[in-house]
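Chemist: This is the structure I want to talk about, given as structure tokens.
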Amino acid sequence: MMLSLVPLLPLLAAIVAGTVGLKRPALAHTVTSGAVGFAMVAALIVSARVIGGEPMQVSWYDWAFIQGYTMHVGLWLDGLSALMISVVTFVSFLVHIYAIGYMKGDPGYGRFFAYISFFTFGMLMLVLADGFVQLFFGWEAVGLASYLLIGFWYTRPSATAAGLKAFLVNRVGDMGFLLGIAMLFTYAGSLRYSEVFARAAMLAETSVGFWGMHGSVLTLSCLLLFVGAMGKSAQLPLQVWLPDSMEGPTPISALIHAATMVTAGIFMVARLSPLFELSPVALTVVLLIGTLTAFLMGLVGVVQTDIKRVIAYSTLSQLGYMTAALGASAYSVAIFHLATHAFFKALLFLAAGSVIMAMHHEQDMRRMGGLRRLMPITFWTSLCGALALIGFPGFSGFFSKDAILEAVAESHLPGAGFAWLLLLLSVFVTGLYTFRLIFMVFFGELRQQDPGKDHHEHGDHGIHHHAPSESPMVVWLPLVVLAIPSVLAGFLLWRPLGLGEWLRGVVVTHEGSEHAQGAVAFALHGLWSPAIYLAMAGAAAAWYAYVANPSLPERLRQRMMGVWRILINQYGFEALYSRYATAAARGLGLVLWRVVDAGVVDGLVVGGTVGTMGRMGRLLKRLQSGYLYHYAFAMIVAVVLLVTWLDWGGR
Amino acid sequence: MPLAMSGLILVALAACAVLLLGLFRPQLAYPATQVFLAAAVVVELMTGTSSGHWWGGLFVQDAFAAFIKPVLLVVSMAVFLYGRPMVSRWPQGEYYTLGLLAVAGMLILTSAGHLLTLFLGLELMSLALYAMVALDRDNDMASEAAMKYFMLGGLSSGMLLYGFSLLYGITGTMNLQAMALALGGAGAPGSAVVVALTFALAGTAFKLGVAPFHMWLPDVYEGSPAAVTLFVGAAPKVAALVLLARLVGQGAQANLAIWQPALMVLALVSMAVGSFGALWQQNIKRLLAYSAIAHMGFVLLGALAGSEAGYGASIFYMTSYAVMSTAAFGVVLVVCQMAQTERIADYAGLAERSPWLAAVMMLTMFSLAGVPPLLGFMAKLEVIRAAVGAGAVRLAVLAVLLSVVAAFYYLRVVKVMYMDAPTVALGRSPDVTVPADIKLVLGLNGAMILLLGMMPGHVLHWCQQALRGFLLPS
């Protein structure tokens, strides 16, 4: 009962906000944040009951019956989903509160709250799914919410384009996802997790072949499912949509494109770990894709100048870490990093939003600086987030990231050594781009603002052309609340997640001998690992380049123009897609439209059919003469014809 | 006397009581009717489970009757509620008395295991309906419609009766179960059986409004006052399906080879006539009339399987149709009151004028068109599955194609309501306040279309359950 409330409250709130709340801003935010707040309390209560205990199941109803197969709608709560709903409702609640301040005065205020509550519903349905149908439903629901919110300011062409891009790129992933589900259904005959898992070994032995290639059903479906994860969790080469998604309002970047939705792919692979575990090929692919994303996207983050884009690339890179952990079979550790990352990344985004508000919607870091003194709360909370992100000892990111590095080091998959090396290098890169952001925004002097350039697309935030000052309380309070878990979560969750205690029996867990140690011991041990020194080196390099010697970056850029170009162009993925893939699709579309649709379908099929239908309609109208004797005659003729036909037909 | 007759007796008594009330206290006729009907629902739910056969099958109570009777009563209650504002301008007692007599006829028909009561119930219902159509005496179109309905109804009753008499002549019995055994044991069906069943089917098809026995339907729907059209279009359709199920499904279940092809043809012609005929209609009631014809074709899709599952699908479809048709005519009635118009073009701008009404109408239209996840979609899915199960795959494909054609005119109504600028009729109409209870029930009606479409499990289950043991084990 209480479990059902968790997804249903946000849904109801979304309906209320989307109907009667559109013109009543106060009602919209009260209802939605209240509902999500209650959902959070309910989620925490049921989670406390489930974690370490028996899973909980709620059956809602049977949705459809197809050929004897019943599609069931219900909720399934175990350690994994309990953790997810806690994180999702917590972050979502804070973002609701934050948005009250951030979105103030926006003409789409009610719509915004309806959307984010709907998103929360979709995400909860996704993680609480007990089978693939509902997983797919939630998957698409959050995709839809993401599309709507990226293009929230639909009068901006760049925002609608970004929304469309996210949707289309995700479509590619969803295609793979759907094919994977279809394949599992075909061979396992079920869409429920438990039944599919029970047949995993059988699937691994069944072999399919097409185009002369053979592989096990399990490997192929895992790879297809992972394509879905690549889309949603923005892994190479489907990562291009995430940076553009920053066109959406900042609370959305925090909620959807950093803390929750993008981790759906990670969650899905962890959820399906009994399948992935049986396929070393799929795991290797997962590991390598994750590693490459972590390293390459981190590098791109170093050259970005838009504050939100830096954090977006950082998100890509951190998602890469989680994926790599999945590839190394350390599912619990991936979820650990997912949880800590949700806190500190939401914190960083909301802090960035606070800075952006203070700077009158300026997002270019080159125009910022020296905000440390003007916005002390934002600065200190950001610093907590940054230290957590780079993995400073004691902060949450340190535990989860070091656990990933250890898991990869222990992995025996082909390429694991290479992956470990790249991930270690990425730690340096992380330190570099993170502290580059901190130094550029909060240190030095406030660089000039161009008074002519003012982004006021969505209303008035009260202060114009004044020095930036600290944001209102509804904005900074969530920062403070998020800063606490950003610092402490790693320590507290170490035993349950780093060692996988909460997820035992839910995901496949390995008990490494080196692994099983207390948090303090691990932290001390971590001081001897190279990762921490690399992170510090990254931060130090950022300090040297942006505080001690600010002219250095520009000189380096001039010197290494080629490298800079490659990075700023994201290694050419964008160009590849827009120049070739999109052009080919457009060409095909043009042919289909001009020749097939306009010519064949409209001209012959539709035009012809409509003509025929119209004639038939008029003929019937003429038959319906209104004369009684015509009607009676028609009845008698019909009886005569029927009798004759049936009697002769019977012979 | 069987306990299960209590509901029927209550309704018959109600008809007498309301007749008297109508003479002396006309304003009490409506509340009394509703109270009696509500009591009858309760009585049916309580006594309906006591099944059995009485008086040689003249009265039968089975799971089927136990399911259908409450449905008939509840649908009639909604119909009386929606019709109330319009009826209050007429001699009220007569409308409700006739309505209750028609309901009594339907209840008799539903519990008939015998040709005599089958015919008796049907005629009681039909005669009441003819009179209801003519109730608004100053209305020329209504009088014309009543005349047509009565004459053609008489012709169809004659056909039905001719079929019945032949069946009695062939089998020597009027009890449906005995008839089924006699018809099944007679060996190869002779021409007499073919003629008998065809005539009986023709009469049934007329009552259902299945093409080519549908000619009366558009004229009667358009000509009758909207409150009467609403009544004619809801519960009597369910009753006509009961007639088909009792007569063909139970009585002639062994003669599948004769009536299955006939039902296939009727279904196809009906769906085609309904879908194409509505394309050029300007009057909303006439549009809904053709829509009814098309939907009756779909109902036959389930019935032609001749199996319990098939009839279950048909009953589900018919129940869903009754829900949707009531909602649609409910909105039509309110708009009639508001703007004195039945032209589709005058529905322009309804969404602005009354978003509530427009939303209910939109849901209903989408559901009638069969858009998932609404009720109409689930109903179509079920009958099409039944038809495919019976091997009528080509017919099922045609049915889907024809429903695409039909979607056009349903969507046209939605487009007019939401996209077009208001015309004079709706623009200058005075503010007619819609009574709160009608608004509430219309909302519930719309919500049912949505919720039952998403969660059809229970109702479907009841429909399947109602048919368990309906056919003789062959």
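In the structure tokens, each chain is lettered A, B, ... as it comes, each chain's residues begin at 1, and ligands are numbered from 1 in order of appearance.
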Kindly determine which residues of chain B lie within 6 Å of chain A, considering only C-alpha atoms, and give the answer as number ranges by chain.

Modeler: B: 195, 213, 215, 276-277

Chemist: Quick one: residues within 12 Å of A:Arg49, only C-alpha atoms counted, chain neighbours fewer than 3 positions away excluded, as a ChimeraX atom specification?

Modeler: /A:2-3,42-46,52-56,77-79,82-83,502

Chemist: Output the selection as a PDB file, in the first residue's frame - N, CA and C atoms for each residue.

Modeler:
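selection.pdb, written as the output of this step:
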ATOM      1  N   MET A   2       1.751   1.302   0.991  1.00  0.00           N
ATOM      2  CA  MET A   2       2.596   2.481   1.055  1.00  0.00           C
ATOM      3  C   MET A   2       3.542   2.521  -0.137  1.00  0.00           C
ATOM      4  N   LEU A   3       3.911   1.325  -0.592  1.00  0.00           N
ATOM      5  CA  LEU A   3       4.792   1.271  -1.753  1.00  0.00           C
ATOM      6  C   LEU A   3       4.087   1.845  -2.980  1.00  0.00           C
ATOM      7  N   ALA A  42       7.592   8.022   2.261  1.00  0.00           N
ATOM      8  CA  ALA A  42       7.100   6.654   2.074  1.00  0.00           C
ATOM      9  C   ALA A  42       8.203   5.763   1.539  1.00  0.00           C
ATOM     10  N   ALA A  43       8.993   6.302   0.595  1.00  0.00           N
ATOM     11  CA  ALA A  43      10.064   5.499   0.001  1.00  0.00           C
ATOM     12  C   ALA A  43      11.083   5.122   1.062  1.00  0.00           C
ATOM     13  N   LEU A  44      11.414   6.075   1.924  1.00  0.00           N
ATOM     14  CA  LEU A  44      12.411   5.769   2.947  1.00  0.00           C
ATOM     15  C   LEU A  44      11.881   4.713   3.916  1.00  0.00           C
ATOM     16  N   ILE A  45      10.594   4.826   4.259  1.00  0.00           N
ATOM     17  CA  ILE A  45      10.035   3.851   5.199  1.00  0.00           C
ATOM     18  C   ILE A  45      10.038   2.450   4.599  1.00  0.00           C
ATOM     19  N   VAL A  46       9.506   2.324   3.375  1.00  0.00           N
ATOM     20  CA  VAL A  46       9.452   0.974   2.799  1.00  0.00           C
ATOM     21  C   VAL A  46      10.854   0.449   2.531  1.00  0.00           C
ATOM     22  N   GLY A  52      18.030  -5.511   3.384  1.00  0.00           N
ATOM     23  CA  GLY A  52      18.509  -6.556   4.276  1.00  0.00           C
ATOM     24  C   GLY A  52      17.442  -7.566   4.631  1.00  0.00           C
ATOM     25  N   GLY A  53      16.219  -7.335   4.171  1.00  0.00           N
ATOM     26  CA  GLY A  53      15.151  -8.288   4.477  1.00  0.00           C
ATOM     27  C   GLY A  53      14.587  -8.894   3.213  1.00  0.00           C
ATOM     28  N   GLU A  54      13.319  -9.257   3.283  1.00  0.00           N
ATOM     29  CA  GLU A  54      12.671  -9.910   2.151  1.00  0.00           C
ATOM     30  C   GLU A  54      12.216  -8.864   1.139  1.00  0.00           C
ATOM     31  N   PRO A  55      12.286  -9.161  -0.143  1.00  0.00           N
ATOM     32  CA  PRO A  55      11.741  -8.243  -1.147  1.00  0.00           C
ATOM     33  C   PRO A  55      10.229  -8.098  -0.979  1.00  0.00           C
ATOM     34  N   MET A  56       9.712  -6.995  -1.484  1.00  0.00           N
ATOM     35  CA  MET A  56       8.295  -6.711  -1.327  1.00  0.00           C
ATOM     36  C   MET A  56       7.683  -6.651  -2.722  1.00  0.00           C
ATOM     37  N   LEU A  77      10.008  -4.477  -5.068  1.00  0.00           N
ATOM     38  CA  LEU A  77      10.964  -3.704  -4.291  1.00  0.00           C
ATOM     39  C   LEU A  77      11.960  -4.642  -3.630  1.00  0.00           C
ATOM     40  N   ASP A  78      13.233  -4.488  -3.996  1.00  0.00           N
ATOM     41  CA  ASP A  78      14.271  -5.207  -3.276  1.00  0.00           C
ATOM     42  C   ASP A  78      15.383  -4.205  -2.963  1.00  0.00           C
ATOM     43  N   GLY A  79      16.517  -4.684  -2.499  1.00  0.00           N
ATOM     44  CA  GLY A  79      17.562  -3.761  -2.076  1.00  0.00           C
ATOM     45  C   GLY A  79      17.919  -2.749  -3.153  1.00  0.00           C
ATOM     46  N   ALA A  82      15.047  -0.340  -3.785  1.00  0.00           N
ATOM     47  CA  ALA A  82      14.866   0.483  -2.591  1.00  0.00           C
ATOM     48  C   ALA A  82      15.876   1.618  -2.578  1.00  0.00           C
ATOM     49  N   LEU A  83      17.110   1.283  -2.892  1.00  0.00           N
ATOM     50  CA  LEU A  83      18.138   2.311  -2.926  1.00  0.00           C
ATOM     51  C   LEU A  83      17.811   3.352  -3.976  1.00  0.00           C
ATOM     52  N   TRP A 502      23.821  -4.764   0.989  1.00  0.00           N
ATOM     53  CA  TRP A 502      22.401  -4.546   0.732  1.00  0.00           C
ATOM     54  C   TRP A 502      21.925  -5.265  -0.516  1.00  0.00           C
TER      55      TRP A 502
END

Chemist: Suppose you want the space between atom CA of A:Gly138 and atom CA of A:Gly122; what is it in Å?

Modeler: 4.9 Å

Chemist: Could you check which of B:Leu374, B:Val334, B:Leu45, B:Val405 is closest to B:Thr433, using only C-alpha atoms?

Modeler: B:Val334

Chemist: Determine, counting only C-alpha atoms, which protein, DNA and RNA residues have an atom within 12 Å of an atom of B:Gly457; residues of the same chain fewer than 2 positions away are not included. Present the result as a VMD selection string.

Modeler: (chain A and resid 60 to 65 70 to 73) or (chain B and resid 316 375 378 to 379 382 451 to 455 459 to 465)

Chemist: Could you name the residues that touch stretch 49-57 of chain B at 9 Å or less, counting only C-alpha atoms, but leaving out those on the same chain fewer than 6 positions away, as a CSV table (one decimal) with N, CA, C and O atoms, in the first residue's frame?

Modeler:
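Result went into around_24.csv, see below:
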chain,number,residue,atom,x,y,z
B,1,MET,N,-43.4,-19.2,-7.0
B,1,MET,CA,-42.8,-18.3,-8.0
B,1,MET,C,-41.3,-18.1,-7.7
B,1,MET,O,-40.9,-18.0,-6.6
B,2,PRO,N,-40.6,-18.1,-8.8
B,2,PRO,CA,-39.1,-18.0,-8.6
B,2,PRO,C,-38.7,-16.6,-8.0
B,2,PRO,O,-39.2,-15.6,-8.4
B,3,LEU,N,-37.8,-16.7,-7.1
B,3,LEU,CA,-37.3,-15.5,-6.4
B,3,LEU,C,-36.6,-14.6,-7.4
B,3,LEU,O,-36.7,-13.3,-7.3
B,4,ALA,N,-36.0,-15.2,-8.5
B,4,ALA,CA,-35.3,-14.3,-9.4
B,4,ALA,C,-36.2,-13.4,-10.2
B,4,ALA,O,-35.7,-12.6,-11.0
B,63,ALA,N,-26.4,-17.5,-15.2
B,63,ALA,CA,-25.3,-16.5,-15.0
B,63,ALA,C,-25.4,-15.4,-16.0
B,63,ALA,O,-25.2,-14.2,-15.7
B,66,ALA,N,-28.1,-13.1,-15.0
B,66,ALA,CA,-27.7,-12.4,-13.8
B,66,ALA,C,-26.7,-11.2,-14.1
B,66,ALA,O,-26.6,-10.3,-13.4
B,111,SER,N,-34.6,-13.2,-19.6
B,111,SER,CA,-34.8,-14.4,-18.9
B,111,SER,C,-35.6,-15.4,-19.6
B,111,SER,O,-36.2,-16.3,-19.0
B,112,ALA,N,-35.7,-15.3,-21.0
B,112,ALA,CA,-36.6,-16.2,-21.7
B,112,ALA,C,-35.8,-17.4,-22.2
B,112,ALA,O,-34.7,-17.3,-22.7
B,113,GLY,N,-36.4,-18.6,-21.9
B,113,GLY,CA,-35.8,-19.8,-22.4
B,113,GLY,C,-36.8,-20.5,-23.4
B,113,GLY,O,-36.8,-21.7,-23.6
B,114,HIS,N,-37.7,-19.7,-23.9
B,114,HIS,CA,-38.8,-20.2,-24.7
B,114,HIS,C,-39.1,-19.2,-25.7
B,114,HIS,O,-39.1,-17.9,-25.5
B,117,THR,N,-41.9,-16.3,-24.6
B,117,THR,CA,-41.5,-15.2,-23.8
B,117,THR,C,-40.4,-14.4,-24.5
B,117,THR,O,-40.4,-13.1,-24.3
B,174,MET,N,-41.2,-25.2,-28.3
B,174,MET,CA,-40.8,-23.8,-28.3
B,174,MET,C,-39.7,-23.6,-27.2
B,174,MET,O,-39.3,-22.5,-27.1
B,175,ASN,N,-39.4,-24.6,-26.5
B,175,ASN,CA,-38.4,-24.5,-25.4
B,175,ASN,C,-37.0,-24.5,-26.2
B,175,ASN,O,-36.7,-25.4,-27.0
B,176,LEU,N,-36.2,-23.5,-25.8
B,176,LEU,CA,-35.0,-23.3,-26.6
B,176,LEU,C,-34.0,-24.5,-26.5
B,176,LEU,O,-33.4,-24.9,-27.4
B,177,GLN,N,-33.9,-25.1,-25.3
B,177,GLN,CA,-33.0,-26.2,-25.1
B,177,GLN,C,-33.5,-27.4,-25.8
B,177,GLN,O,-32.7,-28.1,-26.5

Chemist: Excluding same-chain residues fewer than 3 positions from B:Tyr162, what lies within 10 Å of it counting only C-alpha atoms, as a list in words?

Modeler: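 So the residues in contact are Ser156, Ser157, Gly158, Met159, Ser165, Leu166, Leu167, Tyr168, Val195, Ala196, Leu197, Phe199, Ala200 and Gly203 of chain B.
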
Chemist: Take the residues that were just selected and, keeping C-alpha atoms, output them as a tab-separated table (two decimals), in the first residue's frame.

Modeler:
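The result, stored in result-v6.tsv:
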chain	number	residue	atom	x	y	z
B	156	SER	CA	-39.57	-7.35	-38.86
B	157	SER	CA	-41.71	-8.79	-36.10
B	158	GLY	CA	-43.66	-10.60	-38.78
B	159	MET	CA	-40.48	-12.06	-40.19
B	165	SER	CA	-43.51	-20.67	-36.34
B	166	LEU	CA	-41.40	-22.61	-38.82
B	167	LEU	CA	-39.01	-23.58	-36.05
B	168	TYR	CA	-41.93	-24.81	-33.97
B	195	VAL	CA	-35.60	-20.54	-44.22
B	196	ALA	CA	-36.72	-20.58	-40.60
B	197	LEU	CA	-33.37	-19.41	-39.27
B	199	PHE	CA	-36.29	-15.21	-41.16
B	200	ALA	CA	-35.58	-15.31	-37.44
B	203	GLY	CA	-35.99	-10.07	-37.43
